[in-house]
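Asker: My structure is stored as entry27.cif, with mmCIF, C-alpha atoms.
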data_data
loop_
_atom_site.group_PDB
_atom_site.id
_atom_site.type_symbol
_atom_site.label_atom_id
_atom_site.label_comp_id
_atom_site.auth_asym_id
_atom_site.auth_seq_id
_atom_site.Cartn_x
_atom_site.Cartn_y
_atom_site.Cartn_z
ATOM 1 C CA MET A 1 4.882 27.482 -18.510
ATOM 2 C CA ILE A 2 5.190 29.474 -15.277
ATOM 3 C CA THR A 3 2.653 32.304 -14.913
ATOM 4 C CA ALA A 4 3.363 35.535 -13.051
ATOM 5 C CA VAL A 5 1.710 38.723 -11.796
ATOM 6 C CA LEU A 6 3.808 41.889 -11.336
ATOM 7 C CA ILE A 7 2.850 44.461 -8.693
ATOM 8 C CA ASP A 8 4.799 47.734 -8.381
ATOM 9 C CA ASP A 9 3.818 51.381 -8.076
ATOM 10 C CA GLU A 10 6.580 52.337 -10.537
ATOM 11 C CA HIS A 11 5.620 51.878 -14.204
ATOM 12 C CA ASP A 12 9.271 51.714 -15.275
ATOM 13 C CA ALA A 13 9.984 48.917 -12.793
ATOM 14 C CA ILE A 14 7.155 46.806 -14.218
ATOM 15 C CA ASP A 15 8.306 47.514 -17.789
ATOM 16 C CA VAL A 16 11.905 46.495 -17.026
ATOM 17 C CA LEU A 17 10.896 43.283 -15.203
ATOM 18 C CA SER A 18 8.422 42.394 -17.965
ATOM 19 C CA GLN A 19 11.154 42.783 -20.579
ATOM 20 C CA LEU A 20 13.605 40.674 -18.552
ATOM 21 C CA LEU A 21 11.025 37.908 -18.188
ATOM 22 C CA LYS A 22 10.234 38.062 -21.892
ATOM 23 C CA THR A 23 13.796 38.175 -23.209
ATOM 24 C CA PHE A 24 16.496 37.127 -20.768
ATOM 25 C CA VAL A 25 15.258 34.201 -18.696
ATOM 26 C CA GLN A 26 16.030 30.529 -19.321
ATOM 27 C CA LYS A 27 12.709 29.254 -17.927
ATOM 28 C CA PRO A 28 9.644 30.511 -19.861
ATOM 29 C CA VAL A 29 7.421 32.854 -17.856
ATOM 30 C CA LYS A 30 4.098 34.307 -18.984
ATOM 31 C CA VAL A 31 3.040 37.585 -17.375
ATOM 32 C CA VAL A 32 -0.730 37.229 -16.880
ATOM 33 C CA GLY A 33 -1.291 40.553 -15.150
ATOM 34 C CA THR A 34 0.298 43.775 -13.876
ATOM 35 C CA ALA A 35 -0.861 46.164 -11.165
ATOM 36 C CA TYR A 36 0.332 49.477 -9.735
ATOM 37 C CA GLY A 37 -0.886 48.894 -6.193
ATOM 38 C CA LEU A 38 -1.718 46.042 -3.827
ATOM 39 C CA ASP A 39 -5.523 46.354 -3.975
ATOM 40 C CA GLU A 40 -5.515 46.101 -7.761
ATOM 41 C CA GLY A 41 -2.958 43.301 -7.559
ATOM 42 C CA ILE A 42 -5.138 41.234 -5.196
ATOM 43 C CA LYS A 43 -7.977 41.308 -7.740
ATOM 44 C CA ILE A 44 -5.657 40.175 -10.531
ATOM 45 C CA ILE A 45 -4.195 37.367 -8.387
ATOM 46 C CA ASN A 46 -7.674 36.055 -7.570
ATOM 47 C CA ALA A 47 -8.666 36.215 -11.239
ATOM 48 C CA THR A 48 -5.543 34.652 -12.782
ATOM 49 C CA LYS A 49 -4.244 32.223 -10.076
ATOM 50 C CA PRO A 50 -0.547 32.777 -10.962
ATOM 51 C CA ASP A 51 2.403 30.585 -9.993
ATOM 52 C CA ILE A 52 4.489 33.621 -8.922
ATOM 53 C CA VAL A 53 3.802 37.145 -7.714
ATOM 54 C CA PHE A 54 6.650 39.630 -8.110
ATOM 55 C CA LEU A 55 5.825 42.277 -5.516
ATOM 56 C CA ASP A 56 7.309 45.628 -4.527
ATOM 57 C CA ILE A 57 7.339 46.328 -0.783
ATOM 58 C CA ASP A 58 7.568 50.108 -0.427
ATOM 59 C CA MET A 59 4.413 51.406 -2.142
ATOM 60 C CA PRO A 60 2.455 54.586 -1.269
ATOM 61 C CA ASN A 61 -0.918 53.199 -0.174
ATOM 62 C CA LYS A 62 -0.137 49.714 1.127
ATOM 63 C CA SER A 63 3.094 47.877 1.776
ATOM 64 C CA GLY A 64 3.640 44.728 -0.246
ATOM 65 C CA MET A 65 4.026 42.908 3.081
ATOM 66 C CA GLU A 66 0.291 43.385 3.627
ATOM 67 C CA ILE A 67 -0.385 40.696 1.010
ATOM 68 C CA TYR A 68 -0.347 38.216 3.921
ATOM 69 C CA ASN A 69 -3.469 39.923 5.284
ATOM 70 C CA TYR A 70 -5.290 38.643 2.181
ATOM 71 C CA PHE A 71 -3.537 35.295 1.704
ATOM 72 C CA LYS A 72 -2.613 33.559 4.975
ATOM 73 C CA ASN A 73 -1.116 30.547 3.191
ATOM 74 C CA PRO A 74 -0.657 31.638 -0.429
ATOM 75 C CA GLU A 75 -0.564 28.881 -3.036
ATOM 76 C CA PHE A 76 1.577 31.087 -5.276
ATOM 77 C CA LYS A 77 5.240 31.925 -4.717
ATOM 78 C CA ILE A 78 6.020 35.459 -3.555
ATOM 79 C CA ILE A 79 9.155 37.183 -4.851
ATOM 80 C CA PHE A 80 9.678 40.580 -3.224
ATOM 81 C CA VAL A 81 11.357 43.123 -5.502
ATOM 82 C CA THR A 82 12.582 46.308 -3.815
ATOM 83 C CA ALA A 83 15.391 48.834 -3.704
ATOM 84 C CA TYR A 84 15.763 48.562 0.079
ATOM 85 C CA LYS A 85 17.947 45.881 1.670
ATOM 86 C CA GLN A 86 16.455 46.428 5.116
ATOM 87 C CA PHE A 87 13.253 44.647 4.067
ATOM 88 C CA ALA A 88 15.113 41.366 3.495
ATOM 89 C CA ILE A 89 14.760 40.067 7.079
ATOM 90 C CA GLU A 90 11.013 40.784 7.165
ATOM 91 C CA ALA A 91 10.564 39.061 3.798
ATOM 92 C CA ILE A 92 12.402 35.968 5.038
ATOM 93 C CA LYS A 93 10.330 35.894 8.240
ATOM 94 C CA ASN A 94 7.178 35.878 6.104
ATOM 95 C CA SER A 95 8.500 32.835 4.202
ATOM 96 C CA ALA A 96 8.871 34.640 0.892
ATOM 97 C CA THR A 97 10.285 32.366 -1.788
ATOM 98 C CA ASP A 98 12.935 34.896 -2.742
ATOM 99 C CA TYR A 99 14.004 38.529 -2.568
ATOM 100 C CA LEU A 100 15.384 40.575 -5.470
ATOM 101 C CA LEU A 101 17.030 43.970 -5.204
ATOM 102 C CA LYS A 102 16.400 46.720 -7.752
ATOM 103 C CA PRO A 103 17.686 47.211 -10.321
ATOM 104 C CA VAL A 104 16.979 43.547 -11.043
ATOM 105 C CA ASN A 105 19.620 41.828 -13.177
ATOM 106 C CA PHE A 106 19.051 38.726 -15.285
ATOM 107 C CA TRP A 107 21.579 36.620 -13.337
ATOM 108 C CA ASP A 108 19.667 37.015 -10.068
ATOM 109 C CA LEU A 109 16.342 36.624 -11.865
ATOM 110 C CA ASN A 110 17.391 33.364 -13.541
ATOM 111 C CA GLU A 111 18.678 31.977 -10.240
ATOM 112 C CA CYS A 112 15.390 32.909 -8.590
ATOM 113 C CA LEU A 113 13.315 31.248 -11.330
ATOM 114 C CA ALA A 114 15.421 28.084 -11.157
ATOM 115 C CA LYS A 115 14.567 27.840 -7.440
ATOM 116 C CA VAL A 116 10.875 28.454 -8.114
ATOM 117 C CA GLY A 117 10.868 25.863 -10.900
ATOM 118 C CA LEU A 118 12.236 23.186 -8.561
ATOM 119 C CA LEU A 119 9.609 24.017 -5.930
ATOM 120 C CA LEU A 120 6.774 23.891 -8.469
ATOM 121 C CA ASP A 121 8.001 20.584 -9.911
ATOM 122 C CA ARG A 122 8.217 19.084 -6.424
ATOM 123 C CA GLU A 123 4.699 20.245 -5.592
ATOM 124 C CA GLN A 124 3.380 18.778 -8.842
ATOM 125 C CA ILE A 125 4.895 15.388 -7.984
ATOM 126 C CA GLN A 126 3.280 15.615 -4.557
ATOM 127 C CA ARG A 127 -0.140 16.419 -6.064
ATOM 128 C CA GLU A 128 0.136 13.448 -8.428
ATOM 129 C CA LEU A 129 0.982 11.198 -5.491
ATOM 130 C CA GLU A 130 -1.974 12.539 -3.511
ATOM 131 C CA ASP A 131 -4.294 11.892 -6.475
ATOM 132 C CA LYS A 132 -3.138 8.273 -6.707
ATOM 133 C CA ILE A 133 -3.549 7.756 -2.981
ATOM 134 C CA ASN A 134 -7.017 9.351 -3.003
ATOM 135 C CA ILE A 135 -8.097 6.961 -5.767
ATOM 136 C CA LEU A 136 -6.860 4.000 -3.760
ATOM 137 C CA CYS A 137 -8.474 5.286 -0.566
ATOM 138 C CA SER A 138 -11.839 5.599 -2.315
ATOM 139 C CA ALA A 139 -11.687 1.930 -3.316
ATOM 140 C CA GLU A 140 -11.746 -1.143 -1.119
ATOM 141 C CA MET A 141 -8.131 -1.825 -0.198
ATOM 142 C CA ASP A 142 -6.776 -5.320 0.179
ATOM 143 C CA GLY A 143 -6.077 -6.545 3.679
ATOM 144 C CA LYS A 144 -4.651 -9.523 5.479
ATOM 145 C CA ASN A 145 -6.007 -11.120 8.652
ATOM 146 C CA LEU A 146 -3.226 -11.430 11.229
ATOM 147 C CA VAL A 147 -2.956 -12.662 14.805
ATOM 148 C CA PHE A 148 -1.216 -10.208 17.161
ATOM 149 C CA GLU A 149 0.053 -11.319 20.567
ATOM 150 C CA THR A 150 -0.807 -9.122 23.540
ATOM 151 C CA GLU A 151 0.050 -9.308 27.243
ATOM 152 C CA THR A 152 -3.236 -11.094 27.961
ATOM 153 C CA GLY A 153 -3.480 -13.340 24.899
ATOM 154 C CA PHE A 154 -3.972 -12.338 21.270
ATOM 155 C CA VAL A 155 -6.218 -10.320 18.970
ATOM 156 C CA MET A 156 -7.043 -10.872 15.303
ATOM 157 C CA GLU A 157 -7.122 -7.816 13.072
ATOM 158 C CA ASN A 158 -7.215 -7.133 9.332
ATOM 159 C CA THR A 159 -4.339 -4.943 8.188
ATOM 160 C CA LYS A 160 -6.649 -2.707 6.124
ATOM 161 C CA ASN A 161 -8.136 -1.444 9.397
ATOM 162 C CA ILE A 162 -4.747 -0.249 10.719
ATOM 163 C CA GLU A 163 -3.956 3.391 9.919
ATOM 164 C CA TYR A 164 -0.528 3.563 11.605
ATOM 165 C CA CYS A 165 1.654 1.953 14.272
ATOM 166 C CA TYR A 166 4.132 3.440 16.711
ATOM 167 C CA ALA A 167 6.795 2.139 19.076
ATOM 168 C CA GLU A 168 6.198 2.285 22.819
ATOM 169 C CA GLN A 169 9.191 1.058 24.849
ATOM 170 C CA SER A 170 9.603 -2.664 24.038
ATOM 171 C CA SER A 171 6.078 -2.942 22.593
ATOM 172 C CA CYS A 172 4.207 -1.162 19.838
ATOM 173 C CA VAL A 173 0.698 0.165 19.338
ATOM 174 C CA LEU A 174 -1.612 -0.395 16.362
ATOM 175 C CA VAL A 175 -4.045 2.469 15.731
ATOM 176 C CA SER A 176 -7.160 2.102 13.572
ATOM 177 C CA TYR A 177 -8.725 4.915 11.516
ATOM 178 C CA LEU A 178 -11.457 5.202 14.157
ATOM 179 C CA GLY A 179 -8.868 5.569 16.911
ATOM 180 C CA LYS A 180 -8.961 2.083 18.422
ATOM 181 C CA LYS A 181 -5.573 1.137 19.900
ATOM 182 C CA ILE A 182 -4.078 -2.319 20.354
ATOM 183 C CA THR A 183 -0.813 -2.756 22.267
ATOM 184 C CA ILE A 184 1.093 -5.812 21.082
ATOM 185 C CA SER A 185 4.131 -7.628 22.428
ATOM 186 C CA LYS A 186 6.470 -6.987 19.503
ATOM 187 C CA SER A 187 9.065 -4.405 18.572
ATOM 188 C CA LEU A 188 8.274 -2.138 15.626
ATOM 189 C CA LYS A 189 10.987 -3.899 13.609
ATOM 190 C CA ASP A 190 9.365 -7.307 14.215
ATOM 191 C CA LEU A 191 5.931 -5.889 13.441
ATOM 192 C CA GLN A 192 7.180 -4.435 10.142
ATOM 193 C CA ALA A 193 8.363 -7.903 9.093
ATOM 194 C CA LEU A 194 4.889 -9.281 9.844
ATOM 195 C CA LEU A 195 2.859 -6.626 7.984
ATOM 196 C CA PRO A 196 2.421 -6.558 4.163
ATOM 197 C CA ASN A 197 5.460 -4.720 2.756
ATOM 198 C CA ASN A 198 3.417 -3.191 -0.077
ATOM 199 C CA GLN A 199 1.013 -1.591 2.411
ATOM 200 C CA PHE A 200 3.065 -0.228 5.328
ATOM 201 C CA TYR A 201 5.867 2.327 5.088
ATOM 202 C CA ARG A 202 8.466 3.094 7.798
ATOM 203 C CA THR A 203 8.545 6.902 7.977
ATOM 204 C CA HIS A 204 10.641 7.130 11.113
ATOM 205 C CA LYS A 205 12.349 4.859 13.628
ATOM 206 C CA SER A 206 9.164 5.007 15.722
ATOM 207 C CA TYR A 207 6.379 4.943 13.084
ATOM 208 C CA LEU A 208 4.845 2.685 10.435
ATOM 209 C CA VAL A 209 2.064 4.054 8.211
ATOM 210 C CA ASN A 210 -0.562 2.344 6.072
ATOM 211 C CA ILE A 211 0.016 4.186 2.768
ATOM 212 C CA HIS A 212 -3.680 3.963 1.863
ATOM 213 C CA TYR A 213 -4.478 6.426 4.649
ATOM 214 C CA ILE A 214 -1.992 9.098 3.535
ATOM 215 C CA ARG A 215 -3.515 12.400 2.455
ATOM 216 C CA LYS A 216 -0.460 14.622 2.096
ATOM 217 C CA PHE A 217 3.290 14.758 2.536
ATOM 218 C CA VAL A 218 4.649 18.071 3.839
ATOM 219 C CA ARG A 219 8.369 18.636 3.339
ATOM 220 C CA ALA A 220 9.623 21.171 5.912
ATOM 221 C CA ASN A 221 12.100 21.519 8.762
ATOM 222 C CA GLU A 222 9.965 18.909 10.522
ATOM 223 C CA SER A 223 8.556 16.926 7.595
ATOM 224 C CA HIS A 224 5.401 14.901 8.175
ATOM 225 C CA LEU A 225 2.606 12.882 6.603
ATOM 226 C CA LEU A 226 -0.979 14.013 7.131
ATOM 227 C CA LEU A 227 -3.317 11.022 7.424
ATOM 228 C CA LYS A 228 -7.063 10.741 6.741
ATOM 229 C CA SER A 229 -7.811 10.923 10.456
ATOM 230 C CA GLY A 230 -5.902 14.201 10.726
ATOM 231 C CA MET A 231 -2.942 12.591 12.502
ATOM 232 C CA LYS A 232 0.491 13.992 11.647
ATOM 233 C CA ILE A 233 3.224 11.347 11.391
ATOM 234 C CA PRO A 234 6.862 12.529 11.461
ATOM 235 C CA VAL A 235 9.141 11.720 8.524
ATOM 236 C CA SER A 236 12.844 11.406 9.290
ATOM 237 C CA VAL A 237 15.442 13.537 7.509
ATOM 238 C CA ARG A 238 16.823 10.403 5.855
ATOM 239 C CA ASN A 239 13.429 9.294 4.550
ATOM 240 C CA ARG A 240 12.110 12.617 3.305
ATOM 241 C CA VAL A 241 14.454 12.571 0.296
ATOM 242 C CA ASP A 242 13.071 9.353 -1.215
ATOM 243 C CA ILE A 243 9.599 9.047 0.301
ATOM 244 C CA THR A 244 7.702 10.191 -2.799
ATOM 245 C CA LYS A 245 9.529 7.780 -5.112
ATOM 246 C CA GLU A 246 9.288 4.858 -2.676
ATOM 247 C CA ILE A 247 5.561 5.246 -2.011
ATOM 248 C CA LYS A 248 4.850 5.586 -5.730
ATOM 249 C CA GLN A 249 6.683 2.285 -6.241
ATOM 250 C CA MET A 250 4.600 0.655 -3.505
ATOM 251 C CA LEU A 251 1.380 1.857 -5.166
ATOM 252 C CA THR A 252 2.335 0.272 -8.494
ATOM 253 C CA ASN A 253 3.381 -3.110 -7.000
#
Spell out the structure here as structure tokens.
Answerer:
Amino acid sequence: MITAVLIDDEHDAIDVLSQLLKTFVQKPVKVVGTAYGLDEGIKIINATKPDIVFLDIDMPNKSGMEIYNYFKNPEFKIIFVTAYKQFAIEAIKNSATDYLLKPVNFWDLNECLAKVGLLLDREQIQRELEDKINILCSAEMDGKNLVFETETGFVMENTKNIEYCYAEQSSCVLVSYLGKKITISKSLKDLQALLPNNQFYRTHKSYLVNIHYIRKFVRANESHLLLKSGMKIPVSVRNRVDITKEIKQMLTN
């Protein structure tokens, strides 16, 4: 069940929204706290760790927008609820999940909760994937000794030592977790055919990643994988749709 905190200086506004959430929404929501100002609301948020905060903007002591002074990257979803349309642009700039105008109606509220539900489900899938990858990363991963041709001869390397690879003109570069780089005389396509297909994933036309070094996938305008070393690897628009499912399949093979 989704949990929510309501923050509004108007008692009637909180009562109406509470009743809508209790009676008229398709997705169950449990109100775990209410507050009549931002300072009180911050304490309740820290105590209850809600999924959503429904927050008025125009309040006497502090604007609802000031919540970002307390939570730079909030883990909860922020839904601004206000009677003033002019706050919409500022809310969007602050990456609010949604924006509801008073008086709130159950159509808009249900549409908003459907959006939040999809986001929460997606994040849960991502956390499960991260947990599986972390378990694998804590264990000794399998590797394969391979010979890689270079301009001056060849090098032998075990694939478990390779964190990622990237294309560089007609060659490509292998990068280890410790930052060692090996330039080899193959295209990325040819290299992909050589590497174990249950260990390396093509995120982008220019990148291959060892899935055992993935820490997090971030879906955004410029989606990327965050690796153990801290390196960010771009994920193409085409790949970001299926990457979670495909990597999960690779982990089970």
Asker: For the file shown, what are the residues hit by the PyMOL selection byres ((chain A and resi 222-231) around 10), laid out as number ranges by chain?
Answerer: A: 134, 137, 163-164, 176-179, 203-204, 209-221, 232-237, 239-240
Asker: Using all atoms listed in the file for the distances, tell me which of A:Lys77, A:Ile42, A:Ile247, A:Met59 is nearest to Glu123 of chain A.
Answerer: A:Lys77
Asker: Just how far from atom CA of Tyr166 of chain A is atom CA of Glu151 of chain A, in Å to one decimal?
Answerer: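 Pair atom CA of Glu151 of chain A / atom CA of Tyr166 of chain A returns 17.0 Å.
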Asker: Given the file above and the PyMOL selection byres ((chain A and resi 125) around 12), which residues are selected, and can you give them as a VMD selection string?
Answerer: chain A and resid 118 to 124 126 to 132 216 to 217 243 to 245 247 to 248
Asker: Let's have the selection written as a PDB file, in the coordinates of the input, with C-alpha atoms.
Answerer:
ATOM      1  CA  LEU A 118      12.236  23.186  -8.561  1.00  0.00           C
ATOM      2  CA  LEU A 119       9.609  24.017  -5.930  1.00  0.00           C
ATOM      3  CA  LEU A 120       6.774  23.891  -8.469  1.00  0.00           C
ATOM      4  CA  ASP A 121       8.001  20.584  -9.911  1.00  0.00           C
ATOM      5  CA  ARG A 122       8.217  19.084  -6.424  1.00  0.00           C
ATOM      6  CA  GLU A 123       4.699  20.245  -5.592  1.00  0.00           C
ATOM      7  CA  GLN A 124       3.380  18.778  -8.842  1.00  0.00           C
ATOM      8  CA  GLN A 126       3.280  15.615  -4.557  1.00  0.00           C
ATOM      9  CA  ARG A 127      -0.140  16.419  -6.064  1.00  0.00           C
ATOM     10  CA  GLU A 128       0.136  13.448  -8.428  1.00  0.00           C
ATOM     11  CA  LEU A 129       0.982  11.198  -5.491  1.00  0.00           C
ATOM     12  CA  GLU A 130      -1.974  12.539  -3.511  1.00  0.00           C
ATOM     13  CA  ASP A 131      -4.294  11.892  -6.475  1.00  0.00           C
ATOM     14  CA  LYS A 132      -3.138   8.273  -6.707  1.00  0.00           C
ATOM     15  CA  LYS A 216      -0.460  14.622   2.096  1.00  0.00           C
ATOM     16  CA  PHE A 217       3.290  14.758   2.536  1.00  0.00           C
ATOM     17  CA  ILE A 243       9.599   9.047   0.301  1.00  0.00           C
ATOM     18  CA  THR A 244       7.702  10.191  -2.799  1.00  0.00           C
ATOM     19  CA  LYS A 245       9.529   7.780  -5.112  1.00  0.00           C
ATOM     20  CA  ILE A 247       5.561   5.246  -2.011  1.00  0.00           C
ATOM     21  CA  LYS A 248       4.850   5.586  -5.730  1.00  0.00           C
TER      22      LYS A 248
END
Asker: Determine the nearest neighbour of Leu174 of chain A from the options A:Tyr70, A:Val147, A:Leu208, A:Gln199, counting only C-alpha atoms.
Answerer: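 The closest residue to Leu174 of chain A is A:Leu208.
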Asker: Quick one: pull the distance between atom CA of Phe154 of chain A and atom CA of Ser185 of chain A, Å, one decimal.
Answerer: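 We find that atom CA of Phe154 of chain A and atom CA of Ser185 of chain A lie 9.4 Å from each other.
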Asker: Got a sec: who's within 7 Å of Cys172 of chain A, counting all atoms listed in the file, leaving out chain neighbours fewer than 6 positions off, as a short mmCIF file (atom, residue, chain, number, x, y, z; two decimals) with C-alpha atoms, in the frame of the given file?
Answerer:
data_model
loop_
_atom_site.label_atom_id
_atom_site.label_comp_id
_atom_site.auth_asym_id
_atom_site.auth_seq_id
_atom_site.Cartn_x
_atom_site.Cartn_y
_atom_site.Cartn_z
CA CYS A 165 1.65 1.95 14.27
CA TYR A 166 4.13 3.44 16.71
CA THR A 183 -0.81 -2.76 22.27
CA ILE A 184 1.09 -5.81 21.08
CA SER A 185 4.13 -7.63 22.43
CA LYS A 186 6.47 -6.99 19.50
CA SER A 187 9.06 -4.40 18.57
CA LEU A 188 8.27 -2.14 15.63
#
Asker: From the set A:Gly117, A:Asn145, A:Lys22, A:Lys102, which residue has the shortest atom-to-atom contact distance to Ile2 of chain A, counting all atoms listed in the file?
Answerer: A:Gly117
Asker: Mind checking which residues fall within 12 Å of Glu111 of chain A, counting all atoms listed in the file, ignoring those fewer than 6 positions away in the same chain, and posting them as a short mmCIF file (atom, residue, chain, number, x, y, z; two decimals) with C-alpha atoms, keeping the file's coordinate frame?
Answerer:
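Saved as around.cif:
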data_model
loop_
_atom_site.label_atom_id
_atom_site.label_comp_id
_atom_site.auth_asym_id
_atom_site.auth_seq_id
_atom_site.Cartn_x
_atom_site.Cartn_y
_atom_site.Cartn_z
CA PHE A 24 16.50 37.13 -20.77
CA VAL A 25 15.26 34.20 -18.70
CA GLN A 26 16.03 30.53 -19.32
CA LYS A 27 12.71 29.25 -17.93
CA THR A 97 10.28 32.37 -1.79
CA ASP A 98 12.94 34.90 -2.74
CA TYR A 99 14.00 38.53 -2.57
CA LEU A 100 15.38 40.58 -5.47
CA VAL A 104 16.98 43.55 -11.04
CA ASN A 105 19.62 41.83 -13.18
CA GLY A 117 10.87 25.86 -10.90
CA LEU A 118 12.24 23.19 -8.56
#
Asker: Please write as a ChimeraX atom specification the full residue list that the PyMOL selection byres ((chain A and resi 29) around 6) yields on this file.
Answerer: /A:1-3,28,30
Asker: Using only C-alpha atoms, which of the listed residues (A:Trp107, A:Phe54, A:Tyr84, A:Phe200) sits closest to Thr34 of chain A?
Answerer: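 Of all the options, A:Phe54 lies closest to Thr34 of chain A.
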Asker: Which of these, A:Ile44, A:Ile67, A:Leu113, A:Leu191, has the shortest distance to Ala167 of chain A once you count all atoms listed in the file?
Answerer: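 Under the stated criterion, the closest residue is A:Leu191.
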Asker: I'd like to know which of A:Ala4, A:Ala35, A:Met250, A:Ala114 is closest to Asn197 of chain A, using only C-alpha atoms.
Answerer: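 Smallest distance to Asn197 of chain A is found for A:Met250.
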Asker: Contacts of Glu75 of chain A at 9 Å or less, counting all atoms listed in the file, minus same-chain residues fewer than 5 places along, as a CSV table (one decimal) with C-alpha atoms, in the frame of the given file?
Answerer:
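Okay, result_2.csv is ready:
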chain,number,residue,atom,x,y,z
A,49,LYS,CA,-4.2,32.2,-10.1
A,50,PRO,CA,-0.5,32.8,-11.0
A,51,ASP,CA,2.4,30.6,-10.0
Asker: Rounded to one decimal in Å, what is the spacing between atom CA of Ala13 of chain A and atom CA of Thr48 of chain A?
Answerer: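 If I compute the distance from atom CA of Ala13 of chain A to atom CA of Thr48 of chain A, I get 21.1 Å.
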Asker: Report, as lines of an AutoDock Vina configuration file, the axis-aligned box around all atoms of segment 107-116 of chain A present in the file, extended by 3 Å on each side; give centre and edge lengths in Å to one decimal place.
Answerer:
center_x = 16.2
center_y = 32.4
center_z = -10.5
size_x = 16.7
size_y = 15.2
size_z = 12.1
Asker: Excluding Asp56 of chain A and its own-chain neighbours fewer than 5 positions away, which residues fall within 7 Å of it when counting all atoms listed in the file? Please give them as a list in words.
Answerer: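 Skipping anything fewer than 5 positions along the chain leaves Ile7, Asp8, Gly64, Phe80, Val81 and Thr82 of chain A.
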